[in-house]
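Colleague: What follows is my_file.cif, mmCIF, C-alpha atoms.
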```cif
data_coords
#
loop_
_atom_site.group_PDB
_atom_site.id
_atom_site.type_symbol
_atom_site.label_atom_id
_atom_site.label_comp_id
_atom_site.auth_asym_id
_atom_site.auth_seq_id
_atom_site.Cartn_x
_atom_site.Cartn_y
_atom_site.Cartn_z
ATOM 1 C CA MET U 103 -33.139 41.175 122.249
ATOM 2 C CA ARG U 104 -35.060 37.964 122.781
ATOM 3 C CA ILE U 105 -38.230 39.441 121.311
ATOM 4 C CA LEU U 106 -36.305 40.544 118.236
ATOM 5 C CA ASP U 107 -34.773 37.061 117.860
ATOM 6 C CA ILE U 108 -38.193 35.415 118.188
ATOM 7 C CA GLY U 109 -39.663 37.832 115.611
ATOM 8 C CA ILE U 110 -36.864 37.152 113.128
ATOM 9 C CA ALA U 111 -37.119 33.377 113.640
ATOM 10 C CA THR U 112 -40.891 33.503 113.140
ATOM 11 C CA GLY U 113 -40.536 35.541 109.960
ATOM 12 C CA TYR U 114 -37.905 33.144 108.631
ATOM 13 C CA ALA U 115 -40.138 30.139 109.432
ATOM 14 C CA LEU U 116 -43.091 31.718 107.604
ATOM 15 C CA LEU U 117 -40.871 32.461 104.613
ATOM 16 C CA CYS U 118 -39.659 28.840 104.507
ATOM 17 C CA LEU U 119 -43.192 27.440 104.788
ATOM 18 C CA SER U 120 -44.382 29.733 102.005
ATOM 19 C CA LEU U 121 -41.498 28.637 99.796
ATOM 20 C CA VAL U 122 -42.245 24.958 100.436
ATOM 21 C CA SER U 123 -45.936 25.403 99.594
ATOM 22 C CA VAL U 124 -45.128 27.285 96.382
ATOM 23 C CA MET U 125 -42.613 24.675 95.236
ATOM 24 C CA SER U 126 -44.908 21.755 96.082
ATOM 25 C CA PRO U 127 -45.979 19.718 93.029
ATOM 26 C CA TYR U 128 -49.392 19.007 94.562
ATOM 27 C CA GLY U 129 -50.740 22.502 93.893
ATOM 28 C CA SER U 130 -50.178 22.214 90.157
ATOM 29 C CA GLN U 131 -51.773 18.745 90.108
ATOM 30 C CA ILE U 132 -54.909 20.087 91.757
ATOM 31 C CA GLN U 133 -55.006 23.026 89.344
ATOM 32 C CA ALA U 134 -54.646 20.645 86.383
ATOM 33 C CA ALA U 135 -57.528 18.499 87.671
ATOM 34 C CA ASP U 136 -59.711 21.611 88.018
ATOM 35 C CA SER U 137 -58.868 22.628 84.449
ATOM 36 C CA VAL U 138 -59.856 19.203 83.132
ATOM 37 C CA ALA U 139 -63.154 19.314 85.047
ATOM 38 C CA ASP U 140 -63.893 22.810 83.697
ATOM 39 C CA ALA U 141 -63.097 21.597 80.169
ATOM 40 C CA HIS U 142 -65.578 18.714 80.558
ATOM 41 C CA ALA U 143 -68.258 21.178 81.696
ATOM 42 C CA SER U 144 -67.501 23.459 78.739
ATOM 43 C CA GLU U 145 -67.677 20.534 76.329
ATOM 44 C CA ALA U 146 -71.024 19.478 77.794
ATOM 45 C CA VAL U 147 -72.564 22.930 77.240
ATOM 46 C CA PHE U 148 -71.473 23.050 73.611
ATOM 47 C CA GLU U 149 -72.625 19.466 72.997
ATOM 48 C CA TYR U 150 -76.019 20.386 74.450
ATOM 49 C CA VAL U 151 -76.312 23.459 72.191
ATOM 50 C CA GLN U 152 -75.340 21.340 69.185
ATOM 51 C CA HIS U 153 -77.821 18.620 70.225
ATOM 52 C CA VAL U 154 -80.885 20.856 70.621
ATOM 53 C CA GLY U 155 -79.886 23.590 68.173
ATOM 54 C CA LEU U 156 -79.982 27.351 68.371
ATOM 55 C CA VAL U 157 -83.422 27.445 66.760
ATOM 56 C CA PHE U 158 -84.898 25.466 69.669
ATOM 57 C CA LEU U 159 -83.136 27.673 72.216
ATOM 58 C CA ALA U 160 -84.422 30.817 70.490
ATOM 59 C CA ASP U 161 -88.020 29.654 69.980
ATOM 60 C CA ALA U 162 -88.732 27.508 73.051
ATOM 61 C CA THR U 163 -90.299 28.830 76.221
ATOM 62 C CA PRO U 164 -88.100 29.083 79.305
ATOM 63 C CA SER U 165 -89.846 26.086 80.898
ATOM 64 C CA GLN U 166 -89.208 23.983 77.770
ATOM 65 C CA VAL U 167 -85.507 24.892 77.786
ATOM 66 C CA CYS U 168 -85.227 24.134 81.513
ATOM 67 C CA ALA U 169 -86.898 20.750 80.996
ATOM 68 C CA SER U 170 -84.524 20.022 78.125
ATOM 69 C CA LEU U 171 -81.535 20.946 80.299
ATOM 70 C CA GLN U 172 -82.742 18.561 83.007
ATOM 71 C CA GLN U 173 -83.212 15.750 80.470
ATOM 72 C CA TYR U 174 -79.677 16.223 79.135
ATOM 73 C CA SER U 175 -78.189 16.056 82.660
ATOM 74 C CA ASN U 176 -76.906 12.766 84.037
ATOM 75 C CA SER U 177 -75.250 11.377 87.183
ATOM 76 C CA THR U 178 -71.969 13.261 86.640
ATOM 77 C CA LEU U 179 -73.245 16.329 84.798
ATOM 78 C CA THR U 180 -75.855 18.902 85.789
ATOM 79 C CA LEU U 181 -77.085 21.499 83.312
ATOM 80 C CA GLY U 182 -78.996 24.574 84.388
ATOM 81 C CA GLY U 183 -79.055 28.296 83.874
ATOM 82 C CA VAL U 184 -81.277 31.326 83.596
ATOM 83 C CA ILE U 185 -83.594 31.471 80.582
ATOM 84 C CA ALA U 186 -85.247 34.840 79.961
ATOM 85 C CA GLY U 187 -84.904 35.650 83.651
ATOM 86 C CA GLN U 188 -86.377 32.316 84.800
ATOM 87 C CA PRO U 189 -83.858 30.260 86.803
ATOM 88 C CA CYS U 190 -83.511 26.563 86.071
ATOM 89 C CA PRO U 191 -82.269 24.058 88.656
ATOM 90 C CA GLY U 192 -79.031 25.209 90.257
ATOM 91 C CA ALA U 193 -75.633 23.778 90.969
ATOM 92 C CA PRO U 194 -75.248 20.485 92.824
ATOM 93 C CA ALA U 195 -73.960 20.574 96.402
ATOM 94 C CA THR U 196 -70.493 19.447 95.309
ATOM 95 C CA PHE U 197 -68.941 19.783 91.902
ATOM 96 C CA GLU U 198 -65.498 19.686 90.332
ATOM 97 C CA GLY U 199 -65.889 21.876 87.261
ATOM 98 C CA GLU U 200 -68.238 24.487 85.938
ATOM 99 C CA TYR U 201 -68.808 26.499 82.794
ATOM 100 C CA THR U 202 -71.156 29.345 81.864
ATOM 101 C CA LEU U 203 -72.275 30.370 78.374
ATOM 102 C CA ASP U 204 -74.281 33.553 77.758
ATOM 103 C CA LEU U 205 -76.478 33.503 74.646
ATOM 104 C CA PRO U 206 -78.396 36.576 73.467
ATOM 105 C CA LEU U 207 -81.280 34.945 71.549
ATOM 106 C CA SER U 208 -84.493 36.458 70.161
ATOM 107 C CA GLY U 209 -84.184 39.612 72.214
ATOM 108 C CA ARG U 210 -83.645 37.750 75.483
ATOM 109 C CA GLU U 211 -80.528 36.832 77.419
ATOM 110 C CA ASP U 212 -80.080 33.129 78.168
ATOM 111 C CA THR U 213 -77.350 31.775 80.410
ATOM 112 C CA LEU U 214 -76.511 28.088 80.192
ATOM 113 C CA ARG U 215 -74.436 26.522 82.964
ATOM 114 C CA ALA U 216 -72.874 23.107 83.411
ATOM 115 C CA TRP U 217 -71.387 21.482 86.480
ATOM 116 C CA THR U 218 -69.392 18.271 86.524
ATOM 117 C CA GLU U 219 -69.981 16.511 89.802
ATOM 118 C CA VAL U 220 -67.591 14.749 92.123
ATOM 119 C CA ALA U 221 -67.794 11.050 91.359
#
```
Could you quickly redo this structure as structure tokens?
Modeller:
Amino acid sequence: MRILDIGIATGYALLCLSLVSVMSPYGSQIQAADSVADAHASEAVFEYVQHVGLVFLADATPSQVCASLQQYSNSTLTLGGVIAGQPCPGAPATFEGEYTLDLPLSGREDTLRAWTEVA
């Protein structure tokens, strides 16, 4: 009987801990912060595309696009991607948000990525 009592008590304790973690307000705060960071990364990609233009992205060589992505990056934002199969600089070691945009341009597939870094 003792083993059964211990098993039931353990199951009840796990159920209570799960309920407390689900009802905790901290989880939703962290999720909201992640959403904001992802939104900043998304905004950065679209601002970059607007800044350089689709014509540049379609006509430039992969190395020119990668250089442009590096120039547009700053201390809190890193832009990179894969241009016509050529990878540009990758993600920073730590980041809060990220966004990926796939662009089929001039018969090639370009992928632009943005990461917002932990400040």
Colleague: So, with only C-alpha atoms as the atoms that count, which of U:Leu214, U:Ala162, U:Ala186, U:Ala193 lies closest to Glu149 of chain U?
Modeller: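 The closest residue to Glu149 of chain U is U:Leu214.
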Colleague: Determine the residue membership of the PyMOL selection byres ((chain U and resi 168) around 9) for the file above and supply it as an NGL selection string.
Modeller: :U and (163-167 or 169-173 or 181-185 or 188-191)
Colleague: For the file shown, what are the residues hit by the PyMOL selection byres ((chain U and resi 208) around 10), laid out as a tab-separated table (two decimals) with C-alpha atoms, keeping the file's coordinate frame?
Modeller:
```tsv
chain	number	residue	atom	x	y	z
U	157	VAL	CA	-83.42	27.44	66.76
U	159	LEU	CA	-83.14	27.67	72.22
U	160	ALA	CA	-84.42	30.82	70.49
U	161	ASP	CA	-88.02	29.65	69.98
U	186	ALA	CA	-85.25	34.84	79.96
U	205	LEU	CA	-76.48	33.50	74.65
U	206	PRO	CA	-78.40	36.58	73.47
U	207	LEU	CA	-81.28	34.94	71.55
U	209	GLY	CA	-84.18	39.61	72.21
U	210	ARG	CA	-83.64	37.75	75.48
U	211	GLU	CA	-80.53	36.83	77.42
U	212	ASP	CA	-80.08	33.13	78.17
```
Colleague: With distances taken over all atoms listed in the file, which residue among U:Gly187, U:Asp204, U:Phe197, U:Ser137 lies nearest Thr218 of chain U?
Modeller: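 The closest residue to Thr218 of chain U is U:Phe197.
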Colleague: I'd like the interatomic distance between atom CA of Leu156 of chain U and atom CA of Ala195 of chain U, to a tenth of an Å.
Modeller: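 Here the two named atoms are 29.5 Å from each other.
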